[in-house]
Every structure is written in structure tokens, then in C-alpha cells.
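To keep things clear, I will list the structure first and then write my remarks on it.
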Amino acid sequence: MIKDSERLFFVNRMKQLMLLIFLSTASLATHANATPEEEGLRIAREIDRRDSGFIDNTASMKMILRNRHGQESKRIIRMRTLEVTGDGDKSLIIFDTPRDIKGTAFLSYTHVKGQDDQWIYLPALKRVKRIASNNKSGPFMGSEFAYEDLSSQEVEKYTYRYLKDDTLNGAACFVVERIPTDKNSGYTKQIVWIDKVLYIPEKLEYYDRKGSLLKTLTLHDYKQYLDKFWRANRMEMINHQTGKSTTLLFSQYKFKTGLSEKDFKQNVLKSVR
Amino acid sequence: MRSVSFFTFLFFASIIPADQVASEEITYDFSVETRLFPGSSAYNVDDKLFGSISAELEYYHDWTDRNVQLVIVPFVRLDANDSKRSHFDWRELFWQKRFSDWDFNIGFRKVFWGQTEGLHLVDIINQTDWIENIDGEDKLGQPMLQTTWLSNFGTFDFFWLPYFRERTFAGVDGRLRPSLPINTDKALYESDAREWHQDWAVRWYHTIGQYDIGLSFFSGTERQPLFQPLFKPGNQIELAPYYYQTKRLGLDLLYVSGGWIWKLEALSIDASFDDRKHAFTGGFEYTLVGVSGSQYDLGLLIEYMYDDRGSSFTPFEHDLLVGGRLVFNNVSGTDILGGLIIDTKIGSVLAFVEMGTRLSDWWSLDIEFRGFFNQTSRELLYDLRDDDFFEFQLTRHM
């Protein structure tokens with residue numbers, strides 16, 4: 001049984017919803033006049049806007065590498081990210097396995113403009129080493145993911161062009177082309193399928209420096225955290241040129257854990273666990 | 001040393017809170033190592049094949065959300081040929097407490113300072129475990145009280161080093177040693193306090209955009225000894241290590257831009273028996289990512305070395321390192337580092353190749369070569385002229 005007060009509440013909610021739909025259709029109408037570049041940028045900004053305010057997060061990641069014969073190799077990794085307002089995020093990646101590199105940690109400060117700052121900690125030598133900032137196209141841990149695929153996706157790192165609408169696994173998507181602004185990127189372009197309702201990427205195609213299709217990334221098992229932030233719990237990257245693939249399985253996502261700038265200093269690498 | 005370890009251990013036992021157990025972890029590494037010397041030595045050691053095994057355990061325990069940690073890392077090696085090389089060390093045995101802006105550490109730790117690849121001039125806190133490898137990258141655990149302050153204008157490290165560790169050297173049956181045997185039982189000290197001389201050090205380091213900068217000061221016993229001849233009955237001569245007092249001011253600097261990393265280490269040394277001396281080493285590493293369309297990264301490495309402390313202290317008075325690093329970016333994490341250190345005045349060459357790869361999740365293999373070419377009698381490495389060697393190390397991780 002629904003009480004009158006509740007019925008009234010529902011009616012009001014319906015009115016709000018109708019208004020929202022009207023407004024968004026109206027805004028879509030204005031976007032119809034936007035250039036494909038403007039529309040692409042609007043989508044990128046909206047993705048960024050919806051994902052901002054997470055403050056910090058931590059997660060565990062299992063990486064499964066597969067060669068073309070299907071032989072598997074696994075790595076266990078932990079990740080910590082700190083949101084930085086006005087600049088790129090800071091992140092710390094700690095390797096638990098394979099055992100010979102256990103305790104190795106990768107610290108990066110991404111920047112909206114200019115080069116990212118990156119350090120690696122080598123536990124055997126107790127040494128923190130700065131790494132060259134042109135390595136973004138290199139494979140991460142022998143996987144099919146490049147450093148740039150896993151680093152913080154800042155709006156300013158690409159130029160955008162809206163291509164078309166499409167349907168992917170029954171979900172309506174925007175299809176947007178984005179071109180990396182950094183000359184050290186390993187890609188000439190990426191094609192991204194973005195869910196129209198949730199503004200989350202569903203699929204990415206990566207084109208190499210020769211312009212050929214290199215890899216396809218698909219994102220699966222999205223879960224929403226803190227009623228706001230969507231995170232894929234499984235990612236599949238397939239390299240079409242080598243036949244190799246990599247699966248990332250995420251777990252134990254935690255947000256607003258109280259991390260601070262101090263947890264992303266070089267000094268922390270020496271006692272990180 | 002034994003008494004120090006024992007008291008340190010008792011101290012830990014008394015400060016560990018028993019009721020707040022959060023997590024604990026033990027890992028082990030077991031290695032089998034073989035060294036092959038193609039030639040006989042220049043000092044009457046004819047053995048060419050050397051074998052040894054080693055083990056390193058790491059015990060880790062933390063409390064209260066990782067803000068209190070205990071780390072214990074004992075290391076042991078057993079060598080079939082050189083009894084001196086069979087040795088034990090507390091690589092690490094320390095307790096750490098972290099506050100928001102401060103860290104506090106007590107116990108045996110390993111600390112690295114510096115930026116360059118060929119030579120670690122500024123690095124001073126830990127004694128080198130020279131008997132492990134002559135590249136100087138193996139270190140003995142150093143007893144210390146240490147605190148770190150994280151400020152907005154850089155990180156400050158303060159060290160109080162209450163006990164000095166003597167350098168390890170090969171024994172009479174070992175290779176990679178001077179032709180005269182080193183008698184480590186007869187070590188001499190400038191300070192009357194000997195190994196109990198209270199050393200201290202401070203370091204500031206900071207990242208400013210594309211620069212990493214470090215400034216350090218050390219006052220205490222120099223880690224690298226000089227040698228004095230000891231005359232024994234029967235006209236036999238041995239070398240006694242002589243550890244003197246020094247004050248060292250160090251600078252390390254790094255600048256990164258694209259594929260370029262520029263590195264500098266500079267040192268000003270004030271020893272009581274000598275004028276103020278200077279040393280520096282610097283150069284660049286340039287990384288080519290994905291060489292000619294492959295997944296390999298190739299690093300080109302050039303560093304110059306200058307030292308005015310004299311040829312009896314260092315083989316690197318005016319030397320040039322030219323080297324390369326090949327990173328395979330494969331599942332096995334294979335990499336190869338190789339190079340030549342060339343004396344620009346005398347023309348002698350020290351060559352090295354180091355390769356490492358993973359065989360599986362639990363096994364890894366390291367191969368190394370060192371060669372000594374054109375060594376002349378005026379140089380410190382002259383006695384190693386016939387000590388070119390290959391090393392194979394197989395490690396099982398548990």
C-alpha cells in the first residue's frame with residue numbers, strides 16, 4: 001500500500017524526471033549544432049566531471065598475461081590514487097608478485113600540462129630511481145597495457161572528435177575519436193565507445209604509429225561506489241598484431257581512505273607495503 | 001658485533017606492542033652461485049671454479065594500520081673455497097614508527113644516497129659487503145637511530161650511527177683481492193674509540209619539477225679504508241685496513257626531460273691527514289623507447305668520473321663510463337646492462353655485463369661478467385689483472 005504522502009512524493013519525482021528529460025533533450029538539441037570537436041570535448045569533460053571528487057582510492061589488481069598459445073602468467077599488484085585538483089592525479093603501484101620483484105613500487109605524478117614525473121623503487125638496492133618520461137608507450141610489466149593506458153586520463157591529454165552514435169551490447173553509446181597531444185604517445189588515435197547514460201567507457205580501440213589497429217580494450221563488470229563513481233572490475237586487452245592478451249581483475253576498491261600528499265612522497269616508497 | 005645484535009634484539013622485544021597484531025609476512029630467497037675464472041690469479045690462487053650458496057629471509061610485521069613496522073632480514077652465505085666469504089649479516093633489523101610528518105627508525109638498516117650508475121660517490125651510510133661483489137652494491141646492515149622529517153620544502157633525514165662496520169674482504173684462498181692478503185683482524189683506526197666512534201649524518205632532498213636534488217653531510221669513519229703493510233716473522237707481509245676520520249659534503253642532482261636523464265654527484269672530503277679533496281661523477285642516460293618498432297627499450301649511458309684522492313684510494317681518477325641498458329619488456333622481465341669504464345689517461349679498461357631474467361614466478365637467473373684489461377702496475381686494480389670472471393646465480397624465491 002502506498003500512502004498519500006508517498007504518492008505525492010512519487011508524482012513530484014515524476015515531474016522532476018520529466019523536466020530533466022526535457023532539459024537534456026533541449027541540451028542535446030543545442031549540441032546538434034555543435035561541431036564534432038566541441039561535442040567530443042563536451043563528452044570528455046562530462047566523463048571527467050562525473051568522476052571528480054573521489055578524493056582518493058585504493059584497489060587490488062590481478063594481472064593475467066596470455067601469449068598467443070594461451071600460456072598464462074599472473075601478477076598481483078596494489079594501487080593507490082590521490083586526486084589532485086587542478087592537476088593530474090598521483091598514483092602509487094606496488095608489486096606483490098612475481099616474487100623476484102616483490103616490493104618494487106612505481107610512483108607517478110601525472111600533469112595536465114607537460115611531462116609526468118615518475119620514479120621506481122628498487123627494494124634490493126633501497127634505491128629510488130627517476131625514470132625517463134618518454135616511456136609512456138612502453139609495455140607495463142610485459143603486459144599488453146602501456147603505461148599511458150593505465151595512467152590518469154586527463155581531459156587535456158587528447159583532442160577529441162565525436163564520430164557517431166552506436167549500440168554496444170544493447171547500450172546506447174557515443175563513439176568519440178581522441179588523438180594524444182603528447183608526441184611520446186605510442187598511438188596516432190584511439191576510438192572510444194562511451195555509455196550515453198552513465199558516461200563510462202565501454203570499449204577502446206588503439207591505433208599504432210602507422211595508423212593500423214593495434215589493440216582493443218573492453219571494460220566489464222562495472223560497479224558503482226559511493227553512489228557516484230563507476231569502476232570496471234574486469235578489463236580485457238587484446239593485441240591484434242601479436243595475438244597476446246592481458247586481463248586485469250580489480251578487487252577491494254575503497255574510496256576516501258584518508259590518503260594524503262605525504263603518502264605519495266619518495267620517502268614512503270622505502271617502507272611501503 | 002654479536003653483543004650489539006643481542007642488545008638490539010632485546011630492545012625490540014621490549015617495545016613491540018603485543019596486543020595490536022595487524023599483519024605479518026615471511027619470505028625467503030635461496031641462491032646457488034658459481035664463479036668461473038678462466039685464468040689463474042696474479043697472486044698464487046689457482047682455483048678457477050668457485051661455488052657458494054646463500055639465503056636471505058625477510059620477516060615483516062606491522063601494527064596500527066602500518067604505522068608501526070618491524071623488519072628483520074638476516075643473510076647468510078656459505079662458500080666452498082674461501083672461508084672468509086662464508087659470512088652472516090643482519091641486513092636489516094629495525095623498528096619503525098610513522099607519524100604524519102615524521103618517521104622514526106631504530107636498528108640495522110640499509111640506506112642509499114645518489115643518482116649516478118657507474119659510481120656511487122655520495123652514498124656513505126652503509127659499509128660495502130665487498131666480499132659479496134666488487135661492484136660495491138651489496139651492503140652490510142648499519143646500526144642507526146634515524147629520523148625523517150617531511151616538510152613542504154623537502155625531506156630531511158637525520159642519522160646517528162653509533163657503531164661502525166668493517167669492510168669485508170676475500171681471504172687468502174679467495175680471488176678478487178690484492179696480491180698481499182688483507183688481515184681484517186688487525187684493522188687500525190684513527191679514532192681511539194675504534195668502531196664505537198659516534199658518526200652522524202644529515203641529508204636533505206627534494207623534487208622540484210624535473211629536478212631531484214640532494215645535499216648531504218657526513219662526519220665519522222670513512223667506509224673505504226686505506227691499507228698499511230704489516231710485517232710478519234719470516235719476511236711475510238700482510239695488509240691492515242686503516243679506517244680514518246672524514247667529513248664529507250655531498251651533492252646529488254638529477255634532471256629529466258623526455259628520454260634524457262642528466263645525473264651528477266659531487267663530493268668534498270676533509271680528512272685530518274690530507275688537504276681537502278674533491279670528486280665528482282656525472283653524465284646522462286638517454287632512453288630510446290621501442291627501438292626500431294620493437295617492444296625493447298635501449299638506454300645509452302655515459303658518465304665521467306673525477307677524483308683527486310689519488311690512485312692508492314680509487315681506480316676512477318679520470319675515467320669514462322660508456323654503457324648500454326637493454327630492457328626486453330617481456331613477461332620474464334629480462335634486462336642487460338653492459339659497459340666499459342675507460343681510464344682516459346692510462347687506457348686501462350674495466351668491462352662489465354650484467355643480465356637478469358625470470359625463469360618462472362619462483363625462479364630467477366642472474367649472469368655477470370667482469371673483465372680487467374690493460375691494467376698497469378700504477379693502478380689499484382693491477383692485482384686483479386688476471387681475475388676476469390663469469391658469475392651465474394640461480395635464485396629460488398619462497
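Following the order of the C-alpha cells, first chain is A, next is B, and so on, with residues numbered from 1 inside each chain and ligands from 1 in the order they appear.
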
With a distance cut-off of 10 Å and only C-alpha atoms, select the neighbouring residues of Phe159 of chain B, excluding the residue or stretch itself and same-chain residues fewer than 5 positions from it, and output the selection as a PyMOL selection string. chain B and resi 105+125+143-148+199-203+218

Hey, which of A:Arg273, A:Val175, A:Tyr147, A:Ile194 ends up closest to Val289 of chain B? Count only C-alpha atoms.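 Among A:Arg273, A:Val175, A:Tyr147, A:Ile194, it is A:Tyr147 that comes nearest to Val289 of chain B.
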
Measuring between only C-alpha atoms, which one of B:Asp173, B:Gln295, B:Leu350, B:Gly338 shows the shortest distance to Tyr43 of chain B?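 Comparing B:Asp173, B:Gln295, B:Leu350, B:Gly338 against Tyr43 of chain B, the winner is B:Asp173.
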
Residues of segment 52-213 of chain A in alpha helix (DSSP H), written as a list in words: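 In segment 52-213 of chain A, DSSP puts these residues in alpha helix (DSSP H): Tyr147, Glu148, Asp149 and Leu150 of chain A.
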
At most 9 Å to chain B: residues in chain A, only C-alpha atoms, as number ranges by chain: A: 65, 73-75, 97-100, 115, 117, 124-143, 184, 262, 265, 267, 271-273

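Atom CA of Tyr162 of chain A is positioned 4.4 Å from atom CA of Val176 of chain A.
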
Pick out the residues sitting within 8 Å of Ala232 of chain A, and hand them over as a list in words; count only C-alpha atoms, and ignore anything fewer than 5 positions along from it in its own chain.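 The residues that qualify are Leu219, His220, Asp221, Tyr222, Lys223 and Phe250 of chain A.
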
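Atom CA of Gln71 of chain A to atom CA of Glu236 of chain A spans 15.8 Å [interatomic distance, one decimal].
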
All residues 7 Å or closer to segment 83-92 of chain B, only C-alpha atoms, same chain fewer than 6 positions away omitted, as a short mmCIF file (atom, residue, chain, number, x, y, z; two decimals) with all heavy atoms, in the first residue's frame:
data_model
loop_
_atom_site.label_atom_id
_atom_site.label_comp_id
_atom_site.auth_asym_id
_atom_site.auth_seq_id
_atom_site.Cartn_x
_atom_site.Cartn_y
_atom_site.Cartn_z
N VAL B 71 61.00 -4.97 10.80
CA VAL B 71 61.56 -5.68 9.65
C VAL B 71 62.83 -6.40 10.10
O VAL B 71 63.70 -5.78 10.71
CB VAL B 71 61.89 -4.69 8.49
CG1 VAL B 71 62.51 -5.43 7.31
CG2 VAL B 71 60.65 -3.94 8.05
N ILE B 72 62.92 -7.68 9.82
CA ILE B 72 64.11 -8.46 10.18
C ILE B 72 64.58 -9.21 8.94
O ILE B 72 63.84 -10.01 8.37
CB ILE B 72 63.81 -9.46 11.32
CG1 ILE B 72 63.24 -8.72 12.53
CG2 ILE B 72 65.07 -10.22 11.71
CD1 ILE B 72 62.82 -9.62 13.68
N VAL B 73 65.82 -8.92 8.49
CA VAL B 73 66.36 -9.55 7.29
C VAL B 73 67.75 -10.12 7.56
O VAL B 73 68.75 -9.43 7.37
CB VAL B 73 66.42 -8.55 6.10
CG1 VAL B 73 66.85 -9.27 4.82
CG2 VAL B 73 65.08 -7.86 5.88
N PRO B 74 67.83 -11.36 8.02
CA PRO B 74 69.15 -11.97 8.15
C PRO B 74 69.62 -12.54 6.82
O PRO B 74 68.81 -12.98 6.01
CB PRO B 74 68.92 -13.09 9.17
CG PRO B 74 67.48 -13.42 9.08
CD PRO B 74 66.75 -12.22 8.54
N PHE B 75 70.95 -12.49 6.61
CA PHE B 75 71.55 -13.01 5.36
C PHE B 75 72.71 -13.92 5.73
O PHE B 75 73.48 -13.61 6.63
CB PHE B 75 72.04 -11.84 4.51
CG PHE B 75 72.92 -12.27 3.36
CD1 PHE B 75 72.37 -12.68 2.16
CD2 PHE B 75 74.31 -12.26 3.50
CE1 PHE B 75 73.18 -13.08 1.11
CE2 PHE B 75 75.12 -12.67 2.44
CZ PHE B 75 74.55 -13.07 1.24
N VAL B 76 72.84 -15.03 5.03
CA VAL B 76 74.00 -15.91 5.27
C VAL B 76 74.51 -16.46 3.96
O VAL B 76 73.74 -16.74 3.05
CB VAL B 76 73.64 -17.05 6.27
CG1 VAL B 76 72.59 -17.99 5.69
CG2 VAL B 76 74.88 -17.83 6.68
N ARG B 77 75.86 -16.53 3.84
CA ARG B 77 76.47 -17.19 2.68
C ARG B 77 77.45 -18.24 3.15
O ARG B 77 78.17 -18.03 4.13
CB ARG B 77 77.21 -16.16 1.79
CG ARG B 77 77.92 -16.82 0.61
CD ARG B 77 78.57 -15.82 -0.32
NE ARG B 77 77.59 -14.96 -0.99
CZ ARG B 77 76.82 -15.33 -2.01
NH1 ARG B 77 76.89 -16.56 -2.49
NH2 ARG B 77 75.98 -14.48 -2.56
N PHE B 108 69.20 -1.91 12.55
CA PHE B 108 70.08 -2.08 11.39
C PHE B 108 69.27 -1.80 10.13
O PHE B 108 68.26 -2.44 9.88
CB PHE B 108 70.60 -3.52 11.31
CG PHE B 108 71.57 -3.90 12.38
CD1 PHE B 108 71.17 -3.94 13.71
CD2 PHE B 108 72.88 -4.21 12.07
CE1 PHE B 108 72.06 -4.30 14.71
CE2 PHE B 108 73.78 -4.58 13.06
CZ PHE B 108 73.37 -4.62 14.38
N ARG B 109 69.77 -0.84 9.34
CA ARG B 109 69.04 -0.50 8.10
C ARG B 109 69.99 -0.38 6.94
O ARG B 109 71.21 -0.26 7.11
CB ARG B 109 68.33 0.86 8.26
CG ARG B 109 67.11 0.85 9.10
CD ARG B 109 66.32 2.12 8.85
NE ARG B 109 65.38 1.96 7.74
CZ ARG B 109 64.73 2.97 7.17
NH1 ARG B 109 64.94 4.20 7.57
NH2 ARG B 109 63.88 2.75 6.19
N LYS B 110 69.41 -0.37 5.74
CA LYS B 110 70.17 -0.04 4.54
C LYS B 110 69.58 1.24 3.96
O LYS B 110 68.36 1.38 3.83
CB LYS B 110 70.06 -1.17 3.51
CG LYS B 110 70.92 -2.37 3.88
CD LYS B 110 71.29 -3.19 2.65
CE LYS B 110 70.16 -4.03 2.15
NZ LYS B 110 70.54 -4.83 0.97
N ILE B 131 83.05 -8.54 -0.11
CA ILE B 131 83.29 -9.95 -0.38
C ILE B 131 82.12 -10.56 -1.19
O ILE B 131 82.26 -11.57 -1.84
CB ILE B 131 83.52 -10.70 0.94
CG1 ILE B 131 84.38 -11.93 0.73
CG2 ILE B 131 82.23 -11.02 1.65
CD1 ILE B 131 84.88 -12.52 2.01
N LEU B 140 76.38 -3.96 4.10
CA LEU B 140 76.14 -4.51 5.43
C LEU B 140 75.11 -3.65 6.15
O LEU B 140 75.08 -2.43 5.96
CB LEU B 140 77.44 -4.51 6.24
CG LEU B 140 78.60 -5.36 5.70
CD1 LEU B 140 79.87 -5.07 6.49
CD2 LEU B 140 78.26 -6.85 5.77
N GLY B 141 74.29 -4.28 6.98
CA GLY B 141 73.33 -3.52 7.77
C GLY B 141 74.05 -2.55 8.70
O GLY B 141 75.06 -2.89 9.29
N ALA B 170 88.08 -10.60 0.67
CA ALA B 170 88.37 -12.01 0.38
C ALA B 170 89.56 -12.47 1.23
O ALA B 170 90.48 -11.70 1.53
CB ALA B 170 88.70 -12.17 -1.10
N GLY B 171 89.54 -13.75 1.63
CA GLY B 171 90.63 -14.32 2.40
C GLY B 171 91.75 -14.82 1.50
O GLY B 171 91.71 -14.63 0.27
#

For the contact check between segment 63-156 of chain B and segment 223-245 of chain B, emit one row per residue of segment 63-156 of chain B within 9 Å, containing the shortest atom pair and the distance in Å rounded to one decimal, counting only C-alpha atoms, chain then rising number order, as a tab-separated table.
residue	atom	partner	partner_atom	distance
B:Ile124	CA	B:Arg223	CA	6.9
B:Ile125	CA	B:Arg223	CA	8.2
B:Asn126	CA	B:Arg223	CA	7.8
B:Gln127	CA	B:Arg223	CA	5.7
B:Thr128	CA	B:Arg223	CA	7.6

If you count only C-alpha atoms, which residues fall within 6 Å of segment 262-269 of chain B, apart from same-chain ones fewer than 4 positions away, as a list of chain:residue names? B:Thr116, B:Lys247, B:Arg248, B:Leu249, B:Gly250, B:Leu251, B:Asp252, B:Leu253, B:Leu254, B:Tyr255, B:Arg276, B:Lys277, B:His278, B:Ala279, B:Phe280, B:Thr281, B:Gly282, B:Gly283, B:Phe284

For the selection you just gave me, I'd like the residues written to a file as a PDB file, in the first residue's frame, keeping N, CA, C and O atoms.
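Once everything was written out, this is part.pdb:
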ATOM      1  N   THR B 116      73.905   8.533  -9.800  1.00  0.00           N
ATOM      2  CA  THR B 116      74.652   8.023 -10.954  1.00  0.00           C
ATOM      3  C   THR B 116      74.678   6.497 -10.960  1.00  0.00           C
ATOM      4  O   THR B 116      74.373   5.849  -9.967  1.00  0.00           O
ATOM      5  N   LYS B 247      85.121  14.180   7.005  1.00  0.00           N
ATOM      6  CA  LYS B 247      83.894  14.968   6.918  1.00  0.00           C
ATOM      7  C   LYS B 247      83.591  15.117   5.429  1.00  0.00           C
ATOM      8  O   LYS B 247      84.458  15.543   4.672  1.00  0.00           O
ATOM      9  N   ARG B 248      82.391  14.729   5.048  1.00  0.00           N
ATOM     10  CA  ARG B 248      82.060  14.707   3.623  1.00  0.00           C
ATOM     11  C   ARG B 248      80.819  15.548   3.351  1.00  0.00           C
ATOM     12  O   ARG B 248      79.791  15.366   3.980  1.00  0.00           O
ATOM     13  N   LEU B 249      80.958  16.447   2.376  1.00  0.00           N
ATOM     14  CA  LEU B 249      79.814  17.238   1.935  1.00  0.00           C
ATOM     15  C   LEU B 249      79.436  16.735   0.542  1.00  0.00           C
ATOM     16  O   LEU B 249      80.296  16.715  -0.343  1.00  0.00           O
ATOM     17  N   GLY B 250      78.212  16.295   0.375  1.00  0.00           N
ATOM     18  CA  GLY B 250      77.837  15.680  -0.896  1.00  0.00           C
ATOM     19  C   GLY B 250      76.660  16.376  -1.565  1.00  0.00           C
ATOM     20  O   GLY B 250      75.781  16.932  -0.910  1.00  0.00           O
ATOM     21  N   LEU B 251      76.677  16.334  -2.897  1.00  0.00           N
ATOM     22  CA  LEU B 251      75.569  16.872  -3.695  1.00  0.00           C
ATOM     23  C   LEU B 251      75.166  15.810  -4.710  1.00  0.00           C
ATOM     24  O   LEU B 251      76.027  15.217  -5.357  1.00  0.00           O
ATOM     25  N   ASP B 252      73.875  15.541  -4.839  1.00  0.00           N
ATOM     26  CA  ASP B 252      73.426  14.706  -5.950  1.00  0.00           C
ATOM     27  C   ASP B 252      72.266  15.402  -6.638  1.00  0.00           C
ATOM     28  O   ASP B 252      71.404  15.991  -5.996  1.00  0.00           O
ATOM     29  N   LEU B 253      72.321  15.361  -7.962  1.00  0.00           N
ATOM     30  CA  LEU B 253      71.406  16.170  -8.754  1.00  0.00           C
ATOM     31  C   LEU B 253      70.962  15.378  -9.978  1.00  0.00           C
ATOM     32  O   LEU B 253      71.765  14.686 -10.586  1.00  0.00           O
ATOM     33  N   LEU B 254      69.680  15.497 -10.289  1.00  0.00           N
ATOM     34  CA  LEU B 254      69.155  14.805 -11.468  1.00  0.00           C
ATOM     35  C   LEU B 254      68.195  15.732 -12.195  1.00  0.00           C
ATOM     36  O   LEU B 254      67.431  16.469 -11.576  1.00  0.00           O
ATOM     37  N   TYR B 255      68.278  15.704 -13.535  1.00  0.00           N
ATOM     38  CA  TYR B 255      67.346  16.482 -14.344  1.00  0.00           C
ATOM     39  C   TYR B 255      66.791  15.576 -15.427  1.00  0.00           C
ATOM     40  O   TYR B 255      67.547  14.889 -16.111  1.00  0.00           O
ATOM     41  N   ARG B 276      91.895  19.208   1.718  1.00  0.00           N
ATOM     42  CA  ARG B 276      90.532  18.934   1.266  1.00  0.00           C
ATOM     43  C   ARG B 276      90.574  18.373  -0.151  1.00  0.00           C
ATOM     44  O   ARG B 276      91.290  18.873  -1.012  1.00  0.00           O
ATOM     45  N   LYS B 277      89.836  17.279  -0.387  1.00  0.00           N
ATOM     46  CA  LYS B 277      89.844  16.640  -1.696  1.00  0.00           C
ATOM     47  C   LYS B 277      88.447  16.701  -2.323  1.00  0.00           C
ATOM     48  O   LYS B 277      87.445  16.904  -1.622  1.00  0.00           O
ATOM     49  N   HIS B 278      88.426  16.512  -3.639  1.00  0.00           N
ATOM     50  CA  HIS B 278      87.164  16.603  -4.359  1.00  0.00           C
ATOM     51  C   HIS B 278      86.983  15.446  -5.333  1.00  0.00           C
ATOM     52  O   HIS B 278      87.963  14.917  -5.854  1.00  0.00           O
ATOM     53  N   ALA B 279      85.760  15.098  -5.539  1.00  0.00           N
ATOM     54  CA  ALA B 279      85.455  14.060  -6.530  1.00  0.00           C
ATOM     55  C   ALA B 279      84.090  14.370  -7.131  1.00  0.00           C
ATOM     56  O   ALA B 279      83.224  14.939  -6.448  1.00  0.00           O
ATOM     57  N   PHE B 280      83.929  14.045  -8.385  1.00  0.00           N
ATOM     58  CA  PHE B 280      82.593  14.148  -8.968  1.00  0.00           C
ATOM     59  C   PHE B 280      82.404  13.095 -10.049  1.00  0.00           C
ATOM     60  O   PHE B 280      83.367  12.555 -10.589  1.00  0.00           O
ATOM     61  N   THR B 281      81.178  12.781 -10.307  1.00  0.00           N
ATOM     62  CA  THR B 281      80.850  11.911 -11.437  1.00  0.00           C
ATOM     63  C   THR B 281      79.526  12.390 -12.025  1.00  0.00           C
ATOM     64  O   THR B 281      78.624  12.781 -11.282  1.00  0.00           O
ATOM     65  N   GLY B 282      79.445  12.414 -13.323  1.00  0.00           N
ATOM     66  CA  GLY B 282      78.216  12.920 -13.927  1.00  0.00           C
ATOM     67  C   GLY B 282      78.128  12.570 -15.390  1.00  0.00           C
ATOM     68  O   GLY B 282      79.134  12.276 -16.032  1.00  0.00           O
ATOM     69  N   GLY B 283      76.915  12.588 -15.882  1.00  0.00           N
ATOM     70  CA  GLY B 283      76.695  12.281 -17.288  1.00  0.00           C
ATOM     71  C   GLY B 283      75.219  12.137 -17.566  1.00  0.00           C
ATOM     72  O   GLY B 283      74.401  12.778 -16.916  1.00  0.00           O
ATOM     73  N   PHE B 284      74.895  11.281 -18.520  1.00  0.00           N
ATOM     74  CA  PHE B 284      73.483  11.153 -18.878  1.00  0.00           C
ATOM     75  C   PHE B 284      73.125   9.723 -19.219  1.00  0.00           C
ATOM     76  O   PHE B 284      73.998   8.894 -19.498  1.00  0.00           O
TER      77      PHE B 284
END

Between B:Asp386, B:Asp270, B:Glu166, B:Asp129, single out the one closest to Arg370 of chain B, counting only C-alpha atoms. B:Asp386

Expected answer as a PyMOL selection string: strand (DSSP E or B) residues in segment 19-221 of chain A: chain A and resi 56-66+72-82+90-97+105-109+117-122+127-130+139+146+158-168+171-180+189-195+201-207+213-221

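Interatomic distance, atom CA of Ile101 of chain A against atom CA of Ile64 of chain A: 16.3 Å.
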
For Ile346 of chain B, work out the shell of residues within 10 Å, counting only C-alpha atoms and skipping chain neighbours fewer than 5 positions away, then give it as number ranges by chain. B: 318-319, 374-376, 378-379

Closest of B:Asp343, B:Asp383, B:Glu58, B:Glu190 to Glu25 of chain B - atom-to-atom distances counting only C-alpha atoms: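 Ranking B:Asp343, B:Asp383, B:Glu58, B:Glu190 by distance to Glu25 of chain B, first place goes to B:Glu58.
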
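Excluding Pro180 of chain A and any residue on its chain fewer than 4 positions from it, the residues at most 7 Å away by only C-alpha atoms are Lys157, Tyr158, Thr159, Ser185 and Lys189 of chain A.
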
From the options B:Leu301, B:Leu57, B:Ile367, B:Leu119, which residue's atoms come nearest to Val353 of chain B, counting only C-alpha atoms?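 Of B:Leu301, B:Leu57, B:Ile367, B:Leu119, the one nearest Val353 of chain B, counting only C-alpha atoms, is B:Ile367.
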